[in-house]
file model10.json (JSON, C-alpha atoms)
[["chain", "number", "residue", "atom", "x", "y", "z"],
["A", 96, "MET", "CA", -19.45, 20.81, 3.40],
["A", 97, "SER", "CA", -22.82, 19.65, 2.22],
["A", 98, "ASN", "CA", -21.80, 16.39, 0.62],
["A", 99, "GLY", "CA", -18.92, 14.10, -0.22],
["A", 100, "SER", "CA", -18.26, 15.70, -3.63],
["A", 101, "SER", "CA", -17.12, 18.97, -1.98],
["A", 102, "ILE", "CA", -14.47, 17.16, 0.09],
["A", 103, "THR", "CA", -11.08, 17.01, -1.59],
["A", 104, "GLU", "CA", -9.18, 15.50, 1.34],
["A", 105, "PHE", "CA", -9.60, 13.96, 4.78],
["A", 106, "LEU", "CA", -7.56, 14.66, 7.91],
["A", 107, "LEU", "CA", -6.32, 11.54, 9.68],
["A", 108, "LEU", "CA", -5.62, 11.20, 13.38],
["A", 109, "ALA", "CA", -2.14, 12.35, 14.40],
["A", 110, "PHE", "CA", -0.26, 10.03, 16.74],
["A", 111, "ALA", "CA", 1.31, 12.90, 18.68],
["A", 112, "GLU", "CA", 1.36, 16.68, 18.93],
["A", 113, "THR", "CA", 5.13, 17.22, 18.74],
["A", 114, "GLN", "CA", 7.40, 16.51, 15.78],
["A", 115, "GLU", "CA", 9.75, 14.45, 17.97],
["A", 116, "LEU", "CA", 6.98, 12.06, 18.98],
["A", 117, "GLN", "CA", 5.75, 11.93, 15.39],
["A", 118, "LEU", "CA", 9.21, 10.80, 14.32],
["A", 119, "LEU", "CA", 9.20, 8.20, 17.10],
["A", 120, "HIS", "CA", 5.94, 6.87, 15.67],
["A", 121, "PHE", "CA", 7.53, 6.85, 12.21],
["A", 122, "TRP", "CA", 10.48, 4.71, 13.33],
["A", 123, "LEU", "CA", 8.25, 2.38, 15.35],
["A", 124, "PHE", "CA", 5.93, 1.76, 12.39],
["A", 125, "LEU", "CA", 8.93, 1.43, 10.07],
["A", 126, "GLY", "CA", 10.32, -1.36, 12.27],
["A", 127, "ILE", "CA", 6.97, -3.18, 12.33],
["A", 128, "TYR", "CA", 6.55, -2.74, 8.57],
["A", 129, "VAL", "CA", 10.04, -4.03, 7.75],
["A", 130, "ALA", "CA", 9.50, -7.03, 10.05],
["A", 131, "ALA", "CA", 6.17, -7.81, 8.32],
["A", 132, "LEU", "CA", 7.69, -7.45, 4.84],
["A", 133, "LEU", "CA", 10.70, -9.60, 5.70],
["A", 134, "GLY", "CA", 8.77, -12.31, 7.55],
["A", 135, "ASN", "CA", 6.00, -12.71, 4.99],
["A", 136, "SER", "CA", 8.42, -12.52, 2.04],
["A", 137, "LEU", "CA", 10.58, -15.26, 3.56],
["A", 138, "ILE", "CA", 7.56, -17.53, 4.05],
["A", 139, "ILE", "CA", 6.35, -16.93, 0.47],
["A", 140, "THR", "CA", 9.83, -17.62, -0.94],
["A", 141, "ALA", "CA", 10.40, -20.72, 1.23],
["A", 142, "ILE", "CA", 7.05, -22.26, 0.25],
["A", 143, "ALA", "CA", 7.46, -21.42, -3.42],
["A", 144, "CYS", "CA", 11.01, -22.80, -3.63],
["A", 145, "ASP", "CA", 10.68, -25.98, -1.53],
["A", 146, "HIS", "CA", 8.71, -28.72, -3.27],
["A", 147, "HIS", "CA", 8.19, -30.48, 0.09],
["A", 148, "LEU", "CA", 5.92, -27.57, 1.04],
["A", 149, "HIS", "CA", 3.75, -27.82, -2.06],
["A", 150, "THR", "CA", 0.80, -29.10, -0.03],
["A", 151, "PRO", "CA", -2.69, -27.63, 0.52],
["A", 152, "MET", "CA", -1.84, -26.29, 4.01],
["A", 153, "TYR", "CA", 1.24, -24.41, 2.85],
["A", 154, "PHE", "CA", -0.51, -23.20, -0.30],
["A", 155, "PHE", "CA", -3.04, -21.48, 1.97],
["A", 156, "VAL", "CA", -0.26, -20.16, 4.24],
["A", 157, "LEU", "CA", 1.38, -18.63, 1.14],
["A", 158, "ASN", "CA", -1.90, -16.91, 0.25],
["A", 159, "LEU", "CA", -2.23, -15.70, 3.86],
["A", 160, "SER", "CA", 1.21, -14.11, 3.66],
["A", 161, "LEU", "CA", 0.30, -12.38, 0.40],
["A", 162, "LEU", "CA", -2.86, -10.97, 2.00],
["A", 163, "ASP", "CA", -0.90, -9.87, 5.08],
["A", 164, "LEU", "CA", 1.66, -8.08, 2.91],
["A", 165, "GLY", "CA", -1.12, -6.27, 1.07],
["A", 166, "SER", "CA", -3.14, -5.27, 4.13],
["A", 167, "ILE", "CA", -0.23, -3.81, 6.10],
["A", 168, "SER", "CA", 1.03, -2.01, 2.96],
["A", 169, "THR", "CA", -2.37, -0.36, 2.61],
["A", 170, "THR", "CA", -2.33, 1.39, 6.00],
["A", 171, "ILE", "CA", 1.18, 1.83, 7.40],
["A", 172, "PRO", "CA", 3.11, 3.61, 4.58],
["A", 173, "LYS", "CA", 0.68, 6.57, 4.42],
["A", 174, "SER", "CA", 0.68, 6.89, 8.21],
["A", 175, "MET", "CA", 4.50, 6.84, 8.25],
["A", 176, "ALA", "CA", 4.67, 9.45, 5.49],
["A", 177, "ASN", "CA", 2.27, 11.74, 7.37],
["A", 178, "SER", "CA", 4.32, 11.44, 10.56],
["A", 179, "PHE", "CA", 7.59, 12.07, 8.73],
["A", 180, "TRP", "CA", 6.27, 15.13, 6.90],
["A", 181, "ASP", "CA", 4.21, 16.32, 9.90],
["A", 182, "THR", "CA", 0.87, 16.35, 8.09],
["A", 183, "ARG", "CA", -2.52, 14.68, 8.54],
["A", 184, "ALA", "CA", -3.96, 14.92, 5.04],
["A", 185, "ILE", "CA", -5.02, 12.12, 2.71],
["A", 186, "SER", "CA", -6.68, 12.88, -0.63],
["A", 187, "TYR", "CA", -10.30, 11.86, -1.26],
["A", 188, "ALA", "CA", -9.17, 9.38, -3.95],
["A", 189, "GLY", "CA", -6.45, 8.07, -1.63],
["A", 190, "CYS", "CA", -9.03, 7.49, 1.10],
["A", 191, "VAL", "CA", -11.33, 5.63, -1.31],
["A", 192, "ALA", "CA", -8.40, 3.44, -2.42],
["A", 193, "GLN", "CA", -7.37, 2.78, 1.18],
["A", 194, "VAL", "CA", -10.89, 1.71, 2.21],
["A", 195, "PHE", "CA", -11.24, -0.53, -0.85],
["A", 196, "PHE", "CA", -7.90, -2.32, -0.57],
["A", 197, "PHE", "CA", -8.06, -2.71, 3.21],
["A", 198, "LEU", "CA", -11.55, -4.27, 3.01],
["A", 199, "PHE", "CA", -10.54, -6.43, 0.03],
["A", 200, "LEU", "CA", -7.50, -7.86, 1.82],
["A", 201, "ILE", "CA", -8.87, -8.13, 5.38],
["A", 202, "VAL", "CA", -12.10, -9.84, 4.28],
["A", 203, "GLY", "CA", -10.12, -12.09, 1.94],
["A", 204, "GLU", "CA", -7.92, -13.04, 4.90],
["A", 205, "TYR", "CA", -10.91, -13.90, 7.09],
["A", 206, "CYS", "CA", -12.40, -16.06, 4.32],
["A", 207, "LEU", "CA", -9.03, -17.77, 3.86],
["A", 208, "LEU", "CA", -8.75, -18.48, 7.60],
["A", 209, "THR", "CA", -12.18, -20.12, 7.40],
["A", 210, "ILE", "CA", -10.98, -22.28, 4.49],
["A", 211, "MET", "CA", -7.83, -23.17, 6.43],
["A", 212, "ALA", "CA", -10.01, -24.43, 9.30],
["A", 213, "TYR", "CA", -11.72, -26.72, 6.78],
["A", 214, "ASP", "CA", -8.28, -27.87, 5.57],
["A", 215, "ARG", "CA", -7.25, -28.80, 9.12],
["A", 216, "TYR", "CA", -10.61, -30.54, 9.71],
["A", 217, "ILE", "CA", -10.20, -32.75, 6.62],
["A", 218, "ALA", "CA", -6.51, -33.45, 7.39],
["A", 219, "ILE", "CA", -7.24, -34.70, 10.91],
["A", 220, "CYS", "CA", -10.82, -35.99, 10.83],
["A", 221, "GLN", "CA", -10.86, -37.47, 7.31],
["A", 222, "PRO", "CA", -7.19, -38.07, 6.42],
["A", 223, "LEU", "CA", -7.96, -40.79, 3.87],
["A", 224, "HIS", "CA", -9.99, -38.32, 1.80],
["A", 225, "TYR", "CA", -7.53, -35.42, 2.16],
["A", 226, "ARG", "CA", -5.95, -35.68, -1.31],
["A", 227, "THR", "CA", -9.35, -36.25, -2.93],
["A", 228, "LEU", "CA", -11.16, -33.34, -1.27],
["A", 229, "LEU", "CA", -8.20, -30.96, -1.33],
["A", 230, "GLY", "CA", -6.55, -31.58, -4.68],
["A", 231, "SER", "CA", -4.60, -28.80, -6.38],
["A", 232, "ARG", "CA", -7.60, -27.64, -8.43],
["A", 233, "ALA", "CA", -9.88, -27.56, -5.37],
["A", 234, "CYS", "CA", -7.28, -25.55, -3.43],
["A", 235, "VAL", "CA", -6.95, -23.00, -6.24],
["A", 236, "HIS", "CA", -10.74, -22.66, -6.46],
["A", 237, "MET", "CA", -11.06, -22.15, -2.69],
["A", 238, "ALA", "CA", -8.26, -19.58, -2.57],
["A", 239, "ALA", "CA", -9.81, -17.77, -5.56],
["A", 240, "ALA", "CA", -13.16, -17.78, -3.74],
["A", 241, "ALA", "CA", -11.53, -16.12, -0.71],
["A", 242, "TRP", "CA", -9.89, -13.42, -2.84],
["A", 243, "GLY", "CA", -13.08, -12.97, -4.89],
["A", 244, "SER", "CA", -15.25, -12.65, -1.77],
["A", 245, "GLY", "CA", -12.97, -9.94, -0.45],
["A", 246, "PHE", "CA", -13.08, -8.11, -3.78],
["A", 247, "LEU", "CA", -16.89, -8.18, -4.04],
["A", 248, "TYR", "CA", -17.31, -7.12, -0.42],
["A", 249, "ALA", "CA", -14.87, -4.23, -0.90],
["A", 250, "VAL", "CA", -16.59, -3.02, -4.08],
["A", 251, "LEU", "CA", -20.01, -3.10, -2.40],
["A", 252, "HIS", "CA", -19.05, -1.31, 0.80],
["A", 253, "THR", "CA", -16.65, 1.20, -0.74],
["A", 254, "ALA", "CA", -19.19, 2.27, -3.37],
["A", 255, "ASN", "CA", -21.97, 2.49, -0.80],
["A", 256, "THR", "CA", -19.92, 4.38, 1.81],
["A", 257, "PHE", "CA", -18.61, 7.05, -0.55],
["A", 258, "SER", "CA", -22.03, 7.57, -2.17],
["A", 259, "LEU", "CA", -23.31, 8.93, 1.16],
["A", 260, "PRO", "CA", -23.48, 12.71, 1.64],
["A", 261, "LEU", "CA", -20.95, 13.85, 4.24],
["A", 262, "CYS", "CA", -22.17, 16.78, 6.33],
["A", 263, "LYS", "CA", -19.92, 16.75, 9.39],
["A", 264, "GLY", "CA", -16.51, 17.86, 8.18],
["A", 265, "ASN", "CA", -13.52, 15.83, 7.02],
["A", 266, "VAL", "CA", -11.70, 14.88, 10.23],
["A", 267, "LEU", "CA", -11.29, 11.12, 10.88],
["A", 268, "ASP", "CA", -10.39, 9.90, 14.37],
["A", 269, "GLN", "CA", -8.21, 7.09, 13.03],
["A", 270, "PHE", "CA", -4.74, 6.75, 11.46],
["A", 271, "PHE", "CA", -6.21, 5.39, 8.21],
["A", 272, "CYS", "CA", -9.54, 5.65, 6.40],
["A", 273, "GLU", "CA", -11.93, 3.29, 8.14],
["A", 274, "ILE", "CA", -15.64, 2.91, 7.33],
["A", 275, "PRO", "CA", -16.99, 3.47, 10.90],
["A", 276, "GLN", "CA", -15.06, 6.75, 11.08],
["A", 277, "ILE", "CA", -16.33, 7.88, 7.68],
["A", 278, "LEU", "CA", -19.92, 7.03, 8.69],
["A", 279, "LYS", "CA", -19.56, 9.45, 11.61],
["A", 280, "LEU", "CA", -19.25, 12.23, 9.01],
["A", 281, "ALA", "CA", -22.38, 11.16, 7.12],
["A", 282, "CYS", "CA", -25.69, 13.01, 7.33],
["A", 283, "SER", "CA", -27.81, 11.40, 10.04],
["A", 284, "ASP", "CA", -30.66, 10.47, 7.67],
["A", 285, "THR", "CA", -28.49, 8.71, 5.07],
["A", 286, "TYR", "CA", -26.01, 6.44, 6.87],
["A", 287, "LEU", "CA", -28.57, 3.77, 7.85],
["A", 288, "ARG", "CA", -28.18, 2.12, 4.44],
["A", 289, "GLU", "CA", -24.52, 1.35, 5.10],
["A", 290, "VAL", "CA", -25.28, 0.34, 8.69],
["A", 291, "GLY", "CA", -27.75, -2.21, 7.27],
["A", 292, "LEU", "CA", -25.01, -3.64, 5.05],
["A", 293, "LEU", "CA", -22.64, -3.78, 8.01],
["A", 294, "VAL", "CA", -25.24, -5.73, 10.03],
["A", 295, "VAL", "CA", -25.52, -8.28, 7.18],
["A", 296, "SER", "CA", -21.71, -8.44, 7.07],
["A", 297, "VAL", "CA", -21.53, -9.11, 10.82],
["A", 298, "CYS", "CA", -24.02, -11.96, 10.40],
["A", 299, "LEU", "CA", -21.93, -13.52, 7.61],
["A", 300, "ALA", "CA", -18.74, -13.05, 9.65],
["A", 301, "PHE", "CA", -20.44, -14.72, 12.60],
["A", 302, "GLY", "CA", -21.40, -17.63, 10.34],
["A", 303, "CYS", "CA", -17.73, -18.09, 9.35],
["A", 304, "PHE", "CA", -16.73, -17.88, 13.01],
["A", 305, "ILE", "CA", -19.24, -20.60, 13.96],
["A", 306, "PHE", "CA", -17.87, -22.78, 11.13],
["A", 307, "ILE", "CA", -14.32, -22.36, 12.48],
["A", 308, "VAL", "CA", -15.42, -23.16, 16.04],
["A", 309, "LEU", "CA", -17.37, -26.27, 14.98],
["A", 310, "SER", "CA", -14.40, -27.43, 12.86],
["A", 311, "TYR", "CA", -12.10, -27.21, 15.86],
["A", 312, "VAL", "CA", -14.58, -28.97, 18.13],
["A", 313, "GLN", "CA", -14.48, -31.91, 15.72],
["A", 314, "ILE", "CA", -10.69, -31.64, 15.39],
["A", 315, "PHE", "CA", -10.12, -31.73, 19.16],
["A", 316, "ARG", "CA", -12.48, -34.67, 19.56],
["A", 317, "ALA", "CA", -10.58, -36.56, 16.85],
["A", 318, "VAL", "CA", -7.16, -35.67, 18.29],
["A", 319, "LEU", "CA", -8.11, -36.78, 21.81],
["A", 320, "ARG", "CA", -9.05, -40.20, 20.39],
["A", 321, "ILE", "CA", -5.52, -40.72, 19.01],
["A", 322, "PRO", "CA", -3.97, -43.37, 21.28],
["A", 323, "SER", "CA", -0.31, -42.28, 21.15],
["A", 324, "LYS", "CA", 0.94, -39.13, 22.86],
["A", 325, "GLN", "CA", 3.29, -38.45, 19.94],
["A", 326, "GLY", "CA", 0.40, -38.67, 17.47],
["A", 327, "ARG", "CA", -1.70, -36.24, 19.51],
["A", 328, "HIS", "CA", 1.22, -33.82, 19.74],
["A", 329, "LYS", "CA", 1.84, -33.95, 16.00],
["A", 330, "ALA", "CA", -1.84, -33.38, 15.21],
["A", 331, "PHE", "CA", -2.09, -30.45, 17.63],
["A", 332, "SER", "CA", 1.12, -28.89, 16.28],
["A", 333, "THR", "CA", -0.40, -28.60, 12.78],
["A", 334, "CYS", "CA", -3.46, -26.80, 14.17],
["A", 335, "LEU", "CA", -2.02, -24.49, 16.82],
["A", 336, "PRO", "CA", -0.52, -21.88, 14.43],
["A", 337, "HIS", "CA", -3.83, -21.50, 12.57],
["A", 338, "LEU", "CA", -5.76, -21.39, 15.85],
["A", 339, "ALA", "CA", -3.42, -18.71, 17.23],
["A", 340, "VAL", "CA", -3.74, -16.58, 14.06],
["A", 341, "VAL", "CA", -7.56, -16.89, 14.08],
["A", 342, "SER", "CA", -7.74, -16.03, 17.79],
["A", 343, "LEU", "CA", -5.56, -12.93, 17.35],
["A", 344, "PHE", "CA", -7.46, -11.77, 14.26],
["A", 345, "VAL", "CA", -10.99, -12.37, 15.57],
["A", 346, "SER", "CA", -10.50, -11.18, 19.17],
["A", 347, "THR", "CA", -8.96, -7.83, 18.17],
["A", 348, "ALA", "CA", -11.52, -7.24, 15.38],
["A", 349, "ILE", "CA", -14.46, -8.08, 17.68],
["A", 350, "PHE", "CA", -13.17, -5.71, 20.37],
["A", 351, "ALA", "CA", -12.55, -2.99, 17.77],
["A", 352, "TYR", "CA", -16.07, -3.07, 16.34],
["A", 353, "LEU", "CA", -18.24, -4.40, 19.19],
["A", 354, "LYS", "CA", -16.77, -2.71, 22.27],
["A", 355, "PRO", "CA", -19.25, -0.65, 24.34],
["A", 356, "SER", "CA", -19.45, 3.01, 23.37],
["A", 357, "SER", "CA", -19.07, 3.91, 27.06],
["A", 358, "ILE", "CA", -15.41, 2.84, 27.02],
["A", 359, "SER", "CA", -14.69, 4.19, 23.55],
["A", 360, "SER", "CA", -12.13, 6.99, 23.23],
["A", 361, "PRO", "CA", -9.74, 8.09, 20.45],
["A", 362, "PRO", "CA", -6.60, 6.71, 22.22],
["A", 363, "LEU", "CA", -8.27, 3.34, 22.95],
["A", 364, "ASP", "CA", -9.73, 3.15, 19.41],
["A", 365, "LEU", "CA", -6.25, 3.84, 18.03],
["A", 366, "VAL", "CA", -4.58, 1.10, 20.09],
["A", 367, "VAL", "CA", -7.28, -1.46, 19.22],
["A", 368, "THR", "CA", -7.11, -0.63, 15.50],
["A", 369, "VAL", "CA", -3.32, -1.05, 15.53],
["A", 370, "LEU", "CA", -3.82, -4.43, 17.23],
["A", 371, "TYR", "CA", -6.16, -5.79, 14.55],
["A", 372, "SER", "CA", -4.76, -4.09, 11.44],
["A", 373, "VAL", "CA", -0.99, -3.89, 12.05],
["A", 374, "VAL", "CA", 0.02, -6.55, 14.59],
["A", 375, "PRO", "CA", -1.38, -9.72, 12.87],
["A", 376, "PRO", "CA", 0.48, -9.24, 9.55],
["A", 377, "ALA", "CA", 3.70, -8.68, 11.50],
["A", 378, "VAL", "CA", 3.40, -11.64, 13.90],
["A", 379, "ASN", "CA", 1.68, -14.22, 11.66],
["A", 380, "PRO", "CA", 5.00, -15.28, 10.04],
["A", 381, "LEU", "CA", 6.49, -15.77, 13.52],
["A", 382, "ILE", "CA", 3.48, -17.83, 14.66],
["A", 383, "TYR", "CA", 3.66, -20.11, 11.62],
["A", 384, "SER", "CA", 7.42, -20.60, 11.68],
["A", 385, "MET", "CA", 8.03, -20.79, 15.44],
["A", 386, "ARG", "CA", 6.93, -24.41, 15.98],
["A", 387, "ASN", "CA", 6.77, -25.63, 12.41],
["A", 388, "LYS", "CA", 9.77, -27.89, 11.70],
["A", 389, "GLU", "CA", 9.07, -28.21, 7.96],
["A", 390, "LEU", "CA", 8.91, -24.44, 7.48],
["A", 391, "LYS", "CA", 11.98, -23.86, 9.64],
["A", 392, "ASP", "CA", 13.91, -26.44, 7.63],
["A", 393, "ALA", "CA", 12.82, -24.77, 4.37],
["A", 394, "LEU", "CA", 13.92, -21.35, 5.66],
["A", 395, "LYS", "CA", 17.25, -22.85, 6.79],
["A", 396, "LYS", "CA", 17.84, -24.35, 3.33],
["A", 397, "LEU", "CA", 16.90, -21.02, 1.77],
["A", 398, "PHE", "CA", 19.49, -19.16, 3.86],
["A", 399, "GLU", "CA", 22.14, -21.80, 3.21],
["A", 400, "HIS", "CA", 21.48, -21.55, -0.53],
["A", 401, "ARG", "CA", 21.82, -17.75, -0.41],
["A", 402, "LEU", "CA", 25.07, -18.01, 1.54],
["A", 403, "PHE", "CA", 26.39, -20.55, -0.97],
["A", 404, "LEU", "CA", 25.59, -18.22, -3.86],
["A", 405, "CYS", "CA", 27.29, -15.31, -2.05],
["A", 406, "HIS", "CA", 30.50, -17.34, -1.73]]
call {"tool": "encode", "arguments": {"input": "model10.json", "output": "structure tokens"}}
result
Amino acid sequence: MSNGSSITEFLLLAFAETQELQLLHFWLFLGIYVAALLGNSLIITAIACDHHLHTPMYFFVLNLSLLDLGSISTTIPKSMANSFWDTRAISYAGCVAQVFFFLFLIVGEYCLLTIMAYDRYIAICQPLHYRTLLGSRACVHMAAAAWGSGFLYAVLHTANTFSLPLCKGNVLDQFFCEIPQILKLACSDTYLREVGLLVVSVCLAFGCFIFIVLSYVQIFRAVLRIPSKQGRHKAFSTCLPHLAVVSLFVSTAIFAYLKPSSISSPPLDLVVTVLYSVVPPAVNPLIYSMRNKELKDALKKLFEHRLFLCH
């Protein structure tokens, strides 16, 4: 295979050698996928239907759930289908689409999490200016910027990655098409261009991370100055879900892409990739609803309304 144009399909990493274990993987991923679909759909419906939740914070949570639904739907269904039908193949066009949509949604989510840190900073450190700085139009513009950034990033990297000649076969050591795995198939004298883009991307991602950290430093300083214990608890409770989601997302992604090559192995790479690409979309709804009274009340009203309609 001299270049990418002669490749008609890629072979993804199989989770197990036997059909029985492949089916076990299928049912495990099906359970995670259903939980992610149900949890994120409930949050989207609750926020959309309850006018009390039509605030900037919940508008961004709704967008986060949409991005989570998209990202997990990009990777898991194909992996489940391959396990069920005992195959490893994904078409070249399917791989291009998977890389594009995964990058689009995962980068959009990271940008949105950065915006949500700004939302929490304004809410706690400058509460008198909250409605002015985060009006409905400003929120829509910021959310659109997050989605647009993900789209532009995905177009750039997908086009650049699949323009490289691939000289080293078509076997990917991952359960979905991932850029680092595709670069391993590239000719040694051509992949540096994409590596350069990835270095720039890491720098931009680090900039967003520093912004989030600095926002929370200011938030914690402001919260600790609140005289009442109840006020401090209430302020912390609005930040903890976002902080937990950011920590889960960033820590798993950093370990996936920056771990030492000496400890890298296909099984470890597989586990780490599942942690950053599959687990967050499934647990984010739980994190946001677990200690959030307003969201729990909205979900309760939603269920009561459904039960009323059924009777």
call {"tool": "residues_near_point", "arguments": {"input": "model10.json", "point": "(-9.6, -34.2, 17.0)", "cutoff": "9 Å", "atoms": "all atoms listed in the file", "output": "list in words"}}
result
Tyr216, Ile219, Cys220, Tyr311, Val312, Gln313, Ile314, Phe315, Arg316, Ala317, Val318, Leu319, Arg320, Ile321, Arg327, Ala330 and Phe331 of chain A
call {"tool": "atom_distance", "arguments": {"input": "model10.json", "atom1": "CA of Glu399 in chain A", "atom2": "CA of Leu125 in chain A"}}
result
27.6 Å
call {"tool": "residues_around", "arguments": {"input": "model10.json", "residues": "Leu207 in chain A", "least_positions_apart": "2", "cutoff": "10 Å", "atoms": "only C-alpha atoms", "output": "NGL selection string"}}
result
:A and (155-156 or 158-159 or 162 or 201-205 or 209-213 or 237-242 or 244-245)
call {"tool": "atom_distance", "arguments": {"input": "model10.json", "atom1": "CA of Asp364 in chain A", "atom2": "CA of Leu335 in chain A"}}
result
28.8 Å
call {"tool": "closest_atom_pairs", "arguments": {"input": "model10.json", "of": "range 240-312 of chain A", "to": "range 341-347 of chain A", "cutoff": "10 Å", "atoms": "only C-alpha atoms", "output": "Markdown table"}}
result
| residue | atom | partner | partner_atom | distance |
| --- | --- | --- | --- | --- |
| A:Ala300 | CA | A:Val345 | CA | 9.8 |
| A:Phe304 | CA | A:Val345 | CA | 8.4 |
| A:Ile307 | CA | A:Val341 | CA | 8.8 |
call {"tool": "residues_around", "arguments": {"input": "model10.json", "residues": "Cys190 in chain A", "least_positions_apart": "6", "cutoff": "12 Å", "atoms": "all atoms listed in the file", "output": "PDB file with C-alpha atoms, in the frame of the given file"}}
result
ATOM      1  CA  GLY A  99     -18.920  14.100  -0.220  1.00  0.00           C
ATOM      2  CA  ILE A 102     -14.470  17.160   0.090  1.00  0.00           C
ATOM      3  CA  THR A 103     -11.080  17.010  -1.590  1.00  0.00           C
ATOM      4  CA  GLU A 104      -9.180  15.500   1.340  1.00  0.00           C
ATOM      5  CA  PHE A 105      -9.600  13.960   4.780  1.00  0.00           C
ATOM      6  CA  LEU A 106      -7.560  14.660   7.910  1.00  0.00           C
ATOM      7  CA  LEU A 107      -6.320  11.540   9.680  1.00  0.00           C
ATOM      8  CA  THR A 169      -2.370  -0.360   2.610  1.00  0.00           C
ATOM      9  CA  THR A 170      -2.330   1.390   6.000  1.00  0.00           C
ATOM     10  CA  LYS A 173       0.680   6.570   4.420  1.00  0.00           C
ATOM     11  CA  ALA A 184      -3.960  14.920   5.040  1.00  0.00           C
ATOM     12  CA  PHE A 196      -7.900  -2.320  -0.570  1.00  0.00           C
ATOM     13  CA  PHE A 197      -8.060  -2.710   3.210  1.00  0.00           C
ATOM     14  CA  THR A 253     -16.650   1.200  -0.740  1.00  0.00           C
ATOM     15  CA  THR A 256     -19.920   4.380   1.810  1.00  0.00           C
ATOM     16  CA  PHE A 257     -18.610   7.050  -0.550  1.00  0.00           C
ATOM     17  CA  ASN A 265     -13.520  15.830   7.020  1.00  0.00           C
ATOM     18  CA  LEU A 267     -11.290  11.120  10.880  1.00  0.00           C
ATOM     19  CA  GLN A 269      -8.210   7.090  13.030  1.00  0.00           C
ATOM     20  CA  PHE A 270      -4.740   6.750  11.460  1.00  0.00           C
ATOM     21  CA  PHE A 271      -6.210   5.390   8.210  1.00  0.00           C
ATOM     22  CA  CYS A 272      -9.540   5.650   6.400  1.00  0.00           C
ATOM     23  CA  GLU A 273     -11.930   3.290   8.140  1.00  0.00           C
ATOM     24  CA  ILE A 274     -15.640   2.910   7.330  1.00  0.00           C
ATOM     25  CA  GLN A 276     -15.060   6.750  11.080  1.00  0.00           C
ATOM     26  CA  ILE A 277     -16.330   7.880   7.680  1.00  0.00           C
TER      27      ILE A 277
END
call {"tool": "atom_distance", "arguments": {"input": "model10.json", "atom1": "CA of Leu223 in chain A", "atom2": "CA of His337 in chain A"}}
result
21.6 Å
call {"tool": "residues_around", "arguments": {"input": "model10.json", "residues": "range 115-121 of chain A", "least_positions_apart": "2", "cutoff": "10 Å", "atoms": "only C-alpha atoms", "output": "ChimeraX atom specification"}}
result
/A:109-113,123-126,171-172,174-182
call {"tool": "closest_residue", "arguments": {"input": "model10.json", "among": "A:Tyr153, A:Pro275, A:Lys388, A:Pro375", "to": "Lys329 in chain A", "atoms": "all atoms listed in the file"}}
result
A:Lys388
call {"tool": "closest_residue", "arguments": {"input": "model10.json", "among": "A:Thr150, A:Ser160, A:Ser296, A:Asn255", "to": "Cys234 in chain A", "atoms": "all atoms listed in the file"}}
result
A:Thr150
call {"tool": "closest_residue", "arguments": {"input": "model10.json", "among": "A:Ala141, A:Tyr128, A:Gly302, A:Pro376", "to": "Phe398 in chain A", "atoms": "only C-alpha atoms"}}
result
A:Ala141
call {"tool": "closest_residue", "arguments": {"input": "model10.json", "among": "A:Arg232, A:Lys395, A:Ala188, A:Glu389", "to": "His146 in chain A", "atoms": "only C-alpha atoms"}}
result
A:Glu389
call {"tool": "closest_residue", "arguments": {"input": "model10.json", "among": "A:Pro151, A:Gly291, A:Pro355, A:Pro260", "to": "Gly230 in chain A", "atoms": "all atoms listed in the file"}}
result
A:Pro151
call {"tool": "residues_around", "arguments": {"input": "model10.json", "residues": "Leu365 in chain A", "least_positions_apart": "2", "cutoff": "10 Å", "atoms": "all atoms listed in the file", "output": "ChimeraX atom specification"}}
result
/A:108,110,268-271,351,360-363,367-370
call {"tool": "closest_residue", "arguments": {"input": "model10.json", "among": "A:Val129, A:Val294, A:His149, A:Gly243", "to": "Cys206 in chain A", "atoms": "all atoms listed in the file"}}
result
A:Gly243
